[in-house]
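Asker: Quick one: the structure is below, and I'll ask about it shortly.
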Amino acid sequence: MNRLISINEASKQLGVSISTLRRWDESGVLVAERTPKGHRRYDISKINPNLLHGIGNKDRKTIAYARVSSHDQKDDLERQIQVLERYCAKQGWTYEVINDLGSGMSYHKKGLKQLLDGILNNEIGRLVLTHKDRLLRFGAELVFAICEARNVEVIIINQGENPSFEEELAQDVLEIITVFSARLYGSRSKKNKKVLEAVKAVLE
C-alpha cells in the first residue's frame, strides 16, 4: 500500500528545500500528486534517493574556499583563488569563491560561517579546496563528515606530500601564538608584531 507524505516530510527525507521540490514538480523532475485542495503529496515508494541526490548536486552551488592566516599572506591568497578559479573553470562548473583572512584554528571566520551555513541549508553541492589545511588546521575532518552527511562532494586539488611532523608542529605553534598575542596586545599593535617576528625567527 502506497503512503503519501506532505511536501514538508518529503523535504526532510530527501534533504532538499521545499522550493526545490516545487521547482522539480513544475519542471517534471519529481511530479507530486495533488489533494482535492491542491496540496502536493509524494509517494515515497516511487522516490529513488540516489537519483535525487544526483539532481540535487546539480541544483546546488559549487563553492571554492581559500584562506590565509595573516595580512602579509595576501599574495598567497590571490594565488589560491587563481588556482581554484582555473580548476573550476576547466571542469565547466559555475562556482562562487569564498575567502577568509584568519587563523586556521579559529571557527569564527566570516567565510567559514557562510560556508557551513550553506552546507547545512543544502545550498552547496560541491566544495573545492587547494589544500586540506586551508579549511581548518584542526577540525577539518568534522566539516568533511558534515559534507558527507549532506551529500556534498569535497575536492582537494593538491593532495601532495604531507609536511613533516616538525613542520606541522612549527606551524601550529605559530598559529597558537598568533591568536593569543593578538588577543593580548591587539592584532595591529607594535608589541604583537614584535612577538610574532621573534617567534618566526626562532622557528626558522
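The chains in the C-alpha cells are called A, B, ... from first to last as shown; in each chain the residues are counted from 1, and the ligands are counted from 1 in the order shown.
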Near range 59-64 of chain A, within 6 Å and counting only C-alpha atoms, which residues show up once chain neighbours fewer than 4 positions away are dropped, as a ChimeraX atom specification?

Answerer: /A:95-97,123-128

Asker: Find the residues around range 105-114 of chain A up to 12 Å (only C-alpha atoms counted), leave out those fewer than 5 positions away in its own chain, and share them as a VMD selection string.

Answerer: chain A and resid 63 to 69 96 to 100 119 to 121 123 to 124 127 133 to 140 142 to 143 171 to 180

Asker: Would you please work out which residue, of A:Arg40, A:Thr35, A:Arg188, A:Gly102, is nearest to Ile18 in chain A when using only C-alpha atoms?

Answerer: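 Between A:Arg40, A:Thr35, A:Arg188, A:Gly102, the residue approaching Ile18 in chain A most closely is A:Arg40.
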
Asker: Please provide the set of residues having any atom within 10 Å of Leu4 in chain A, restricted to only C-alpha atoms, with same-chain residues fewer than 4 positions apart removed, written as a PDB file with all heavy atoms, in the first residue's frame.

Answerer:
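Writing the result to part.pdb gives the following:
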```
ATOM      1  N   GLU A   9       7.470  16.740   4.832  1.00  0.00           N
ATOM      2  CA  GLU A   9       8.097  15.460   5.142  1.00  0.00           C
ATOM      3  C   GLU A   9       9.051  15.041   4.028  1.00  0.00           C
ATOM      4  O   GLU A   9      10.146  14.532   4.288  1.00  0.00           O
ATOM      5  CB  GLU A   9       7.030  14.387   5.342  1.00  0.00           C
ATOM      6  CG  GLU A   9       6.195  14.546   6.607  1.00  0.00           C
ATOM      7  CD  GLU A   9       5.139  13.469   6.713  1.00  0.00           C
ATOM      8  OE1 GLU A   9       4.091  13.597   6.057  1.00  0.00           O
ATOM      9  OE2 GLU A   9       5.367  12.488   7.447  1.00  0.00           O
ATOM     10  N   ALA A  10       8.647  15.253   2.772  1.00  0.00           N
ATOM     11  CA  ALA A  10       9.495  14.897   1.634  1.00  0.00           C
ATOM     12  C   ALA A  10      10.779  15.721   1.640  1.00  0.00           C
ATOM     13  O   ALA A  10      11.863  15.207   1.334  1.00  0.00           O
ATOM     14  CB  ALA A  10       8.741  15.122   0.325  1.00  0.00           C
ATOM     15  N   ALA A  32       4.528  15.637  -8.119  1.00  0.00           N
ATOM     16  CA  ALA A  32       3.748  15.316  -6.923  1.00  0.00           C
ATOM     17  C   ALA A  32       2.295  15.035  -7.291  1.00  0.00           C
ATOM     18  O   ALA A  32       1.789  15.521  -8.305  1.00  0.00           O
ATOM     19  CB  ALA A  32       3.808  16.489  -5.947  1.00  0.00           C
ATOM     20  N   GLU A  33       1.651  14.232  -6.461  1.00  0.00           N
ATOM     21  CA  GLU A  33       0.211  14.053  -6.596  1.00  0.00           C
ATOM     22  C   GLU A  33      -0.470  15.221  -5.884  1.00  0.00           C
ATOM     23  O   GLU A  33       0.148  15.905  -5.065  1.00  0.00           O
ATOM     24  CB  GLU A  33      -0.217  12.709  -5.995  1.00  0.00           C
ATOM     25  CG  GLU A  33       0.401  11.517  -6.723  1.00  0.00           C
ATOM     26  CD  GLU A  33      -0.099  10.181  -6.177  1.00  0.00           C
ATOM     27  OE1 GLU A  33      -1.218  10.163  -5.612  1.00  0.00           O
ATOM     28  OE2 GLU A  33       0.620   9.181  -6.304  1.00  0.00           O
ATOM     29  N   ARG A  40       0.403  19.419  -2.486  1.00  0.00           N
ATOM     30  CA  ARG A  40       1.295  18.392  -3.030  1.00  0.00           C
ATOM     31  C   ARG A  40       1.460  17.239  -2.045  1.00  0.00           C
ATOM     32  O   ARG A  40       1.624  17.446  -0.860  1.00  0.00           O
ATOM     33  CB  ARG A  40       2.671  18.994  -3.353  1.00  0.00           C
ATOM     34  CG  ARG A  40       2.681  19.957  -4.533  1.00  0.00           C
ATOM     35  CD  ARG A  40       4.086  20.512  -4.747  1.00  0.00           C
ATOM     36  NE  ARG A  40       4.196  21.332  -5.941  1.00  0.00           N
ATOM     37  CZ  ARG A  40       3.927  22.634  -5.990  1.00  0.00           C
ATOM     38  NH1 ARG A  40       3.533  23.272  -4.886  1.00  0.00           N
ATOM     39  NH2 ARG A  40       4.044  23.311  -7.121  1.00  0.00           N
ATOM     40  N   ARG A  41       1.440  16.017  -2.598  1.00  0.00           N
ATOM     41  CA  ARG A  41       1.693  14.821  -1.820  1.00  0.00           C
ATOM     42  C   ARG A  41       2.645  13.927  -2.615  1.00  0.00           C
ATOM     43  O   ARG A  41       2.547  13.829  -3.835  1.00  0.00           O
ATOM     44  CB  ARG A  41       0.391  14.050  -1.516  1.00  0.00           C
ATOM     45  CG  ARG A  41      -0.531  14.779  -0.565  1.00  0.00           C
ATOM     46  CD  ARG A  41       0.055  14.858   0.840  1.00  0.00           C
ATOM     47  NE  ARG A  41      -0.848  15.519   1.793  1.00  0.00           N
ATOM     48  CZ  ARG A  41      -0.842  16.807   2.069  1.00  0.00           C
ATOM     49  NH1 ARG A  41       0.019  17.606   1.431  1.00  0.00           N
ATOM     50  NH2 ARG A  41      -1.666  17.327   2.954  1.00  0.00           N
ATOM     51  N   TYR A  42       3.576  13.266  -1.885  1.00  0.00           N
ATOM     52  CA  TYR A  42       4.604  12.463  -2.549  1.00  0.00           C
ATOM     53  C   TYR A  42       4.498  11.003  -2.133  1.00  0.00           C
ATOM     54  O   TYR A  42       4.345  10.693  -0.952  1.00  0.00           O
ATOM     55  CB  TYR A  42       5.994  13.002  -2.197  1.00  0.00           C
ATOM     56  CG  TYR A  42       6.257  14.365  -2.789  1.00  0.00           C
ATOM     57  CD1 TYR A  42       5.843  15.514  -2.111  1.00  0.00           C
ATOM     58  CD2 TYR A  42       6.882  14.505  -4.014  1.00  0.00           C
ATOM     59  CE1 TYR A  42       6.060  16.774  -2.658  1.00  0.00           C
ATOM     60  CE2 TYR A  42       7.109  15.759  -4.566  1.00  0.00           C
ATOM     61  CZ  TYR A  42       6.697  16.886  -3.888  1.00  0.00           C
ATOM     62  OH  TYR A  42       6.895  18.123  -4.424  1.00  0.00           O
ATOM     63  N   ASP A  43       4.579  10.116  -3.125  1.00  0.00           N
ATOM     64  CA  ASP A  43       4.539   8.679  -2.894  1.00  0.00           C
ATOM     65  C   ASP A  43       5.979   8.216  -2.669  1.00  0.00           C
ATOM     66  O   ASP A  43       6.779   8.140  -3.609  1.00  0.00           O
ATOM     67  CB  ASP A  43       3.934   7.975  -4.114  1.00  0.00           C
ATOM     68  CG  ASP A  43       3.795   6.468  -3.900  1.00  0.00           C
ATOM     69  OD1 ASP A  43       4.356   5.966  -2.903  1.00  0.00           O
ATOM     70  OD2 ASP A  43       3.154   5.813  -4.734  1.00  0.00           O
ATOM     71  N   ILE A  44       6.342   7.913  -1.405  1.00  0.00           N
ATOM     72  CA  ILE A  44       7.737   7.593  -1.092  1.00  0.00           C
ATOM     73  C   ILE A  44       8.196   6.293  -1.750  1.00  0.00           C
ATOM     74  O   ILE A  44       9.388   6.080  -1.937  1.00  0.00           O
ATOM     75  CB  ILE A  44       7.967   7.518   0.433  1.00  0.00           C
ATOM     76  CG1 ILE A  44       7.061   6.476   1.071  1.00  0.00           C
ATOM     77  CG2 ILE A  44       7.790   8.874   1.079  1.00  0.00           C
ATOM     78  CD1 ILE A  44       7.375   6.247   2.556  1.00  0.00           C
ATOM     79  N   SER A  45       7.269   5.423  -2.122  1.00  0.00           N
ATOM     80  CA  SER A  45       7.659   4.164  -2.763  1.00  0.00           C
ATOM     81  C   SER A  45       8.173   4.390  -4.184  1.00  0.00           C
ATOM     82  O   SER A  45       8.837   3.534  -4.760  1.00  0.00           O
ATOM     83  CB  SER A  45       6.470   3.194  -2.802  1.00  0.00           C
ATOM     84  OG  SER A  45       5.455   3.670  -3.669  1.00  0.00           O
TER      85      SER A  45
END
```

Asker: Go through A:Ser6, A:Lys90, A:Lys194, A:Lys12 one by one, measure the shortest atom-to-atom distance of each to Gly38 in chain A using only C-alpha atoms, and give the residue with the smallest value.

Answerer: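 Comparing A:Ser6, A:Lys90, A:Lys194, A:Lys12 against Gly38 in chain A, the winner is A:Ser6.
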
Asker: At what distance in Å, to one decimal, does CA of Leu115 in chain A lie from CA of Arg150 in chain A?

Answerer: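 Pair CA of Arg150 in chain A / CA of Leu115 in chain A returns 12.9 Å.
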
Asker: Determine which residues of range 46-162 of chain A DSSP labels as alpha helix (DSSP H) from the backbone of this structure, then write them out as a PyMOL selection string.

Answerer: chain A and resi 49-59+74-91+110-120+140-149

Asker: Using only C-alpha atoms, which residue out of A:Phe144, A:Gly186, A:Ser27, A:Glu153 lies closest to Lys132 in chain A?

Answerer: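 The shortest atom-to-atom distance to Lys132 in chain A comes from A:Phe144.
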
Asker: Between CA of Leu101 in chain A and CA of Glu148 in chain A, what is the distance in Å, rounded to a tenth?

Answerer: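 Taking CA of Leu101 in chain A and CA of Glu148 in chain A, their separation equals 25.8 Å.
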
Asker: CA of Gly118 in chain A and CA of Ser103 in chain A, how far apart in Å?

Answerer: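 Value for the CA of Ser103 in chain A-CA of Gly118 in chain A distance: 21.0 Å.
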